[in-house]
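What follows is the content of data.txt (compact mmCIF, C-alpha atoms).
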```txt
# COMPACT_ATOMS: atom_id res chain seq x y z
CA MET A 1 171.81 114.23 102.00
CA PRO A 2 169.91 117.40 101.01
CA THR A 3 168.72 119.56 103.89
CA LYS A 4 166.70 122.74 104.06
CA MET A 5 165.84 125.41 106.58
CA LEU A 6 162.17 126.24 106.09
CA HIS A 7 159.41 128.42 107.50
CA ILE A 8 156.02 126.86 108.17
CA PRO A 9 153.02 129.23 108.08
CA THR A 10 150.91 128.78 111.22
CA ALA A 11 147.90 130.49 112.74
CA ASP A 12 150.29 132.36 115.06
CA GLY A 13 153.13 133.27 112.69
CA GLN A 14 155.87 131.21 111.08
CA ALA A 15 157.70 128.25 112.58
CA ASP A 16 161.27 127.75 111.52
CA ALA A 17 162.03 124.13 110.69
CA PHE A 18 164.73 121.76 109.49
CA ALA A 19 164.11 119.20 106.75
CA ALA A 20 166.23 116.31 105.46
CA PHE A 21 165.40 113.97 102.57
CA PRO A 22 167.07 111.59 100.09
CA ASP A 23 168.73 113.05 97.01
CA ARG A 24 167.13 110.75 94.46
CA GLY A 25 164.72 113.06 92.69
CA GLU A 26 161.77 111.03 93.94
CA ARG A 27 158.92 111.56 96.40
CA HIS A 28 159.27 109.96 99.81
CA PRO A 29 156.95 109.24 102.74
CA GLY A 30 156.77 112.09 105.22
CA VAL A 31 157.82 111.97 108.86
CA LEU A 32 157.12 114.77 111.32
CA MET A 33 159.79 114.66 114.03
CA TYR A 34 159.35 116.57 117.27
CA ALA A 35 162.53 117.49 119.15
CA ASP A 36 163.03 117.04 122.86
CA GLY A 37 162.65 119.90 125.29
CA PHE A 38 165.96 121.51 124.31
CA GLY A 39 164.76 121.93 120.74
CA ILE A 40 166.44 121.79 117.34
CA ARG A 41 170.24 121.59 117.52
CA PRO A 42 173.00 119.56 115.81
CA VAL A 43 172.04 116.19 117.35
CA LEU A 44 168.43 116.54 116.13
CA ARG A 45 169.58 117.53 112.66
CA GLU A 46 171.86 114.50 112.58
CA MET A 47 169.03 112.18 113.66
CA ALA A 48 166.79 113.64 110.95
CA ARG A 49 169.51 113.08 108.35
CA GLU A 50 170.00 109.50 109.48
CA LEU A 51 166.29 108.77 109.25
CA ALA A 52 166.08 110.47 105.86
CA GLY A 53 168.83 108.15 104.64
CA HIS A 54 166.37 105.28 105.02
CA GLY A 55 164.05 106.83 102.46
CA TYR A 56 161.96 109.44 104.29
CA TYR A 57 161.36 113.17 104.13
CA VAL A 58 161.86 114.30 107.73
CA LEU A 59 160.52 117.63 108.97
CA VAL A 60 161.63 118.95 112.39
CA PRO A 61 159.69 122.08 113.43
CA ASN A 62 160.77 124.52 116.11
CA PHE A 63 157.74 124.28 118.38
CA TYR A 64 159.11 127.22 120.40
CA TYR A 65 158.88 129.51 117.36
CA ARG A 66 156.69 132.02 119.21
CA ASN A 67 159.74 132.74 121.36
CA GLY A 68 162.18 133.07 118.47
CA PRO A 69 164.17 130.87 116.07
CA ALA A 70 165.92 127.73 117.28
CA PRO A 71 167.71 127.48 119.58
CA VAL A 72 165.57 129.74 121.74
CA VAL A 73 168.09 129.56 124.59
CA GLU A 74 171.86 129.34 124.29
CA LEU A 75 172.88 125.68 124.36
CA PRO A 76 176.34 124.28 125.00
CA GLU A 77 177.78 121.62 122.70
CA HIS A 78 177.25 119.11 125.50
CA ILE A 79 174.30 119.36 127.89
CA GLY A 80 175.82 117.95 131.05
CA ASP A 81 174.19 117.51 134.43
CA GLU A 82 175.89 120.65 135.69
CA VAL A 83 174.09 122.93 133.19
CA ARG A 84 170.84 121.01 132.75
CA PRO A 85 168.93 122.54 135.74
CA ALA A 86 169.61 126.11 134.58
CA LEU A 87 168.53 125.30 131.02
CA ILE A 88 165.36 123.61 132.24
CA ALA A 89 164.59 126.68 134.37
CA GLN A 90 164.85 128.86 131.26
CA LEU A 91 162.74 126.54 129.15
CA MET A 92 160.05 125.61 131.68
CA PRO A 93 157.94 128.74 131.11
CA LEU A 94 158.00 127.96 127.37
CA PHE A 95 156.86 124.36 128.04
CA GLU A 96 154.04 125.62 130.22
CA ALA A 97 152.87 128.16 127.65
CA HIS A 98 152.71 125.49 124.94
CA THR A 99 149.15 124.44 125.75
CA ALA A 100 147.31 121.50 124.23
CA GLU A 101 145.32 123.95 122.13
CA ARG A 102 148.53 125.43 120.73
CA VAL A 103 149.97 121.97 120.09
CA LEU A 104 146.97 120.94 118.01
CA ARG A 105 146.82 124.23 116.12
CA ASP A 106 150.49 123.89 115.23
CA ALA A 107 150.13 120.20 114.33
CA ASP A 108 147.51 121.10 111.74
CA ALA A 109 149.95 123.55 110.17
CA TYR A 110 152.94 121.20 110.33
CA LEU A 111 151.08 118.32 108.67
CA ARG A 112 149.55 120.56 106.02
CA PHE A 113 153.02 121.90 105.19
CA LEU A 114 154.69 118.47 105.25
CA THR A 115 152.19 116.83 102.93
CA THR A 116 152.39 119.62 100.34
CA GLN A 117 156.17 119.55 99.93
CA PRO A 118 157.15 118.50 96.39
CA GLU A 119 159.50 115.81 97.71
CA VAL A 120 156.79 114.16 99.86
CA ALA A 121 154.74 111.24 98.53
CA ALA A 122 150.96 111.14 98.75
CA GLY A 123 149.57 108.92 101.47
CA PRO A 124 149.88 108.57 105.23
CA VAL A 125 152.66 110.04 107.34
CA ALA A 126 154.45 109.14 110.57
CA VAL A 127 155.00 111.23 113.68
CA THR A 128 157.86 110.68 116.10
CA GLY A 129 159.08 112.58 119.12
CA TYR A 130 161.54 112.66 122.01
CA CYS A 131 160.94 113.71 125.62
CA ILE A 132 158.19 116.37 125.55
CA GLY A 133 158.16 115.88 121.78
CA GLY A 134 156.79 112.39 122.41
CA LEU A 135 153.71 113.95 124.00
CA LEU A 136 153.35 116.35 121.06
CA ALA A 137 153.64 113.40 118.67
CA MET A 138 150.94 111.51 120.54
CA ARG A 139 148.59 114.49 120.51
CA THR A 140 149.22 114.96 116.79
CA ALA A 141 148.46 111.31 116.00
CA ALA A 142 145.30 111.39 118.10
CA ALA A 143 144.05 114.53 116.34
CA HIS A 144 144.77 113.17 112.84
CA PRO A 145 143.76 109.50 112.92
CA GLY A 146 143.11 109.27 109.20
CA GLN A 147 146.46 110.73 108.26
CA VAL A 148 149.03 109.49 110.80
CA ALA A 149 149.80 105.80 110.20
CA ALA A 150 152.72 105.46 112.63
CA LEU A 151 153.51 107.02 116.01
CA ALA A 152 156.77 106.57 117.88
CA ALA A 153 157.71 108.29 121.13
CA PHE A 154 160.88 107.87 123.16
CA HIS A 155 161.36 108.81 126.84
CA GLY A 156 158.22 110.93 126.59
CA PRO A 157 155.30 111.49 129.01
CA VAL A 158 152.89 109.68 126.71
CA GLY A 159 150.37 108.83 129.42
CA ALA A 160 149.90 112.44 130.51
CA ASP A 161 146.64 113.02 128.65
CA GLY A 162 144.91 109.90 129.90
CA PRO A 163 142.89 107.22 128.13
CA ASP A 164 140.66 109.56 126.10
CA THR A 165 143.58 110.62 123.90
CA LEU A 166 144.77 107.04 123.48
CA ALA A 167 141.29 106.09 122.27
CA GLU A 168 141.62 108.46 119.30
CA ILE A 169 144.82 106.87 117.97
CA THR A 170 144.53 104.63 114.90
CA ALA A 171 148.25 104.62 114.06
CA GLN A 172 150.56 101.72 114.79
CA VAL A 173 152.51 102.76 117.87
CA HIS A 174 155.84 102.22 119.56
CA PHE A 175 156.64 103.75 122.95
CA GLY A 176 160.23 103.38 124.17
CA HIS A 177 160.46 104.33 127.84
CA ALA A 178 163.50 105.16 129.93
CA GLU A 179 163.97 102.90 132.93
CA SER A 180 164.23 106.00 135.12
CA ASP A 181 160.90 107.39 133.84
CA LEU A 182 158.54 104.47 134.30
CA THR A 183 158.25 101.66 136.83
CA PRO A 184 157.16 98.22 135.62
CA GLU A 185 153.86 98.83 137.43
CA ALA A 186 153.29 102.12 135.60
CA LEU A 187 154.20 100.43 132.32
CA GLY A 188 151.59 97.77 132.99
CA GLU A 189 148.98 100.43 133.70
CA LEU A 190 149.81 102.30 130.48
CA ASN A 191 149.75 99.12 128.41
CA ARG A 192 146.40 98.11 129.85
CA ALA A 193 145.05 101.50 128.79
CA LEU A 194 146.43 100.93 125.29
CA ASP A 195 144.80 97.51 125.21
CA ALA A 196 141.47 99.00 126.31
CA ALA A 197 141.76 101.63 123.55
CA LYS A 198 142.46 98.83 121.03
CA VAL A 199 145.70 100.47 119.92
CA ASP A 200 148.10 98.39 117.79
CA TYR A 201 151.25 98.99 119.83
CA THR A 202 154.51 97.95 121.39
CA SER A 203 155.47 99.67 124.63
CA GLU A 204 158.57 98.75 126.58
CA ILE A 205 161.16 99.99 129.04
CA TYR A 206 164.64 100.15 127.52
CA PRO A 207 166.93 98.45 130.07
CA GLY A 208 169.51 100.56 131.88
CA THR A 209 168.38 103.88 130.40
CA VAL A 210 167.62 107.26 131.93
CA HIS A 211 165.48 110.08 130.61
CA GLY A 212 166.96 111.48 127.39
CA PHE A 213 168.88 108.32 126.43
CA THR A 214 168.64 108.93 122.66
CA MET A 215 170.42 112.28 122.78
CA SER A 216 174.17 111.95 122.20
CA ASP A 217 174.86 115.52 123.35
CA THR A 218 173.68 114.86 126.91
CA ASP A 219 174.92 112.91 129.93
CA ALA A 220 171.79 110.74 129.58
CA PHE A 221 172.97 109.24 126.29
CA ASP A 222 172.98 105.46 126.08
CA PRO A 223 174.37 104.00 122.82
CA ALA A 224 172.53 100.70 123.28
CA GLY A 225 169.30 102.58 123.91
CA LEU A 226 169.77 104.62 120.73
CA ARG A 227 170.39 101.44 118.70
CA ARG A 228 167.28 99.86 120.17
CA HIS A 229 165.36 103.02 119.21
CA TRP A 230 166.40 102.63 115.55
CA ASP A 231 165.67 98.89 115.69
CA ARG A 232 162.11 99.68 116.73
CA LEU A 233 161.48 102.82 114.69
CA LEU A 234 162.67 101.72 111.25
CA PRO A 235 160.54 98.53 110.99
CA LEU A 236 157.52 100.48 112.22
CA LEU A 237 157.94 103.02 109.44
CA ASP A 238 158.64 100.33 106.88
CA ARG A 239 155.41 98.50 107.79
CA THR A 240 153.21 101.56 107.73
CA LEU A 241 154.68 103.82 105.06
CA ALA A 242 156.38 101.47 102.61
CA ASN A 243 153.61 101.76 100.01
CA SER A 244 153.34 105.56 100.14
```
Re-express the file's structure as structure tokens.
Amino acid sequence: MPTKMLHIPTADGQADAFAAFPDRGERHPGVLMYADGFGIRPVLREMARELAGHGYYVLVPNFYYRNGPAPVVELPEHIGDEVRPALIAQLMPLFEAHTAERVLRDADAYLRFLTTQPEVAAGPVAVTGYCIGGLLAMRTAAAHPGQVAALAAFHGPVGADGPDTLAEITAQVHFGHAESDLTPEALGELNRALDAAKVDYTSEIYPGTVHGFTMSDTDAFDPAGLRRHWDRLLPLLDRTLANS
């Protein structure tokens, strides 16, 4: 599986990024993948490679690039509960500085870069994200309704921006929520907002999961939750990008 380390020109500098794509000398539909709050690291590169193996060019930008190349803080091989609070304390100021305005400015640059890569097919793209990356994915899809055909977010705060952002989304959507992140009542409220916005979506709580369940390098990892994530993500991409 070919991979590349790349630099994406942005309005504020250059974002380092990881890309994975099939080695078949063809052009493939593009997927912009946003990492979770810990950023690009081996588990994210492995997930990008796995998705690329299904026929996609997957671009994973370092959205903390203003603070340095990934990883912007030193990460252990396994992010256990004993080190998580200290890491979050280091990263929280970076989260808070990554304003909605910055997110949208970067998204413009990421999509422009993705769609001009020689290995990427013409046509719509997909955006997916994990944890805080799910919110970035949602904002990207809302800001680029004519370009983003699929949006998937997992254990992310996708309701944070309220119904106005949902109303801008034209992509087909899947939201996979951790059981620890969302009560059934909150899920119902979110899904009613999606209905009101006339979004084509699935939105469900993954049973028995906690926040971060897709990430195999954390204590939150749930193998069944990760399998369910692939079972939802791959058909969504196949439906929306297969003809690209």
### Message
From the options A:Gly134, A:Gly156, A:Pro76, A:Gly25, which residue's atoms come nearest to Gly55 in chain A, counting all atoms listed in the file?
### Response
A:Gly25
### Message
Give me the residues near Leu237 in chain A as a PyMOL selection string, where near means some atom within 12 Å (using all atoms listed in the file) and where sequence neighbours in that chain fewer than 2 positions away do not count.
### Response
chain A and resi 28-32+51-52+54-57+124-128+148-152+171-174+230-235+239-244
### Message
If we count all atoms listed in the file and set the cut-off at 8 Å, which residues sit around Pro163 in chain A, ignoring sequence neighbours fewer than 6 positions away in its own chain? Please answer as a PyMOL selection string.
### Response
chain A and resi 193-194+197
With C-alpha atoms retained, export the selected residues as a compact mmCIF listing (two decimals), in the coordinates of the input.
```
# COMPACT_ATOMS: atom_id res chain seq x y z
CA ALA A 193 145.05 101.50 128.79
CA LEU A 194 146.43 100.93 125.29
CA ALA A 197 141.76 101.63 123.55
```
### Query
Counting all atoms listed in the file, which of A:Ala141, A:Pro22, A:Ala122, A:Pro42 gets nearest to Glu77 in chain A?
A:Pro42
Just want the 6 Å neighbourhood of Phe154 in chain A, counted on only C-alpha atoms, with same-chain residues fewer than 3 positions away dropped. Output as an mmCIF file with C-alpha atoms, in the frame of the given file.
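Saved the output as result25.cif:
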```cif
data_model
loop_
_atom_site.group_PDB
_atom_site.id
_atom_site.type_symbol
_atom_site.label_atom_id
_atom_site.label_comp_id
_atom_site.auth_asym_id
_atom_site.auth_seq_id
_atom_site.Cartn_x
_atom_site.Cartn_y
_atom_site.Cartn_z
ATOM 1 C CA TYR A 130 161.540 112.660 122.010
ATOM 2 C CA PHE A 175 156.640 103.750 122.950
ATOM 3 C CA GLY A 176 160.230 103.380 124.170
ATOM 4 C CA HIS A 177 160.460 104.330 127.840
#
```
### Of the listed residues A:Ala121, A:Met33, A:Arg192, A:Ala20, that which approaches Glu50 in chain A most closely, counting only C-alpha atoms
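Residue with the minimum atom-to-atom distance to Glu50 in chain A: A:Ala20.
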### Query
Quick one, how far is CA of Arg27 in chain A from CA of Val120 in chain A?
4.8 Å
### Task
Provide the CA of Ala137 in chain A to CA of Ala35 in chain A distance in Å, to one decimal place.
9.8 Å
### Message
I'd like the neighbourhood of range 78-89 of chain A as a list in words, where a residue qualifies if any of its atoms comes within 7 Å (using only C-alpha atoms), though same-chain residues fewer than 4 positions away should be ignored.
### Response
Asp217, Thr218 and Asp219 of chain A
### Query
Nearest to Glu179 in chain A among A:Asp222, A:Glu119, A:Asp164, A:Asp108, with distances taken over all atoms listed in the file: which residue is it?
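Ranked by minimum distance to Glu179 in chain A, first place goes to A:Asp222.
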#### Entry: Selected residue of minimal separation from Val210 in chain A among A:Pro9, A:Pro2, A:Gly162, A:Pro223, counting all atoms listed in the file
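Smallest separation from Val210 in chain A among the options: A:Pro223.
Minimum distance to Pro157 in chain A across A:Ile132, A:Leu44, A:Leu111, A:Leu104 (counting all atoms listed in the file) occurs at A:Ile132.
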### Query
In Å, with one decimal, what is the gap from CA of His98 in chain A to CA of Ala196 in chain A?
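Separation between CA of His98 in chain A and CA of Ala196 in chain A: 28.8 Å.
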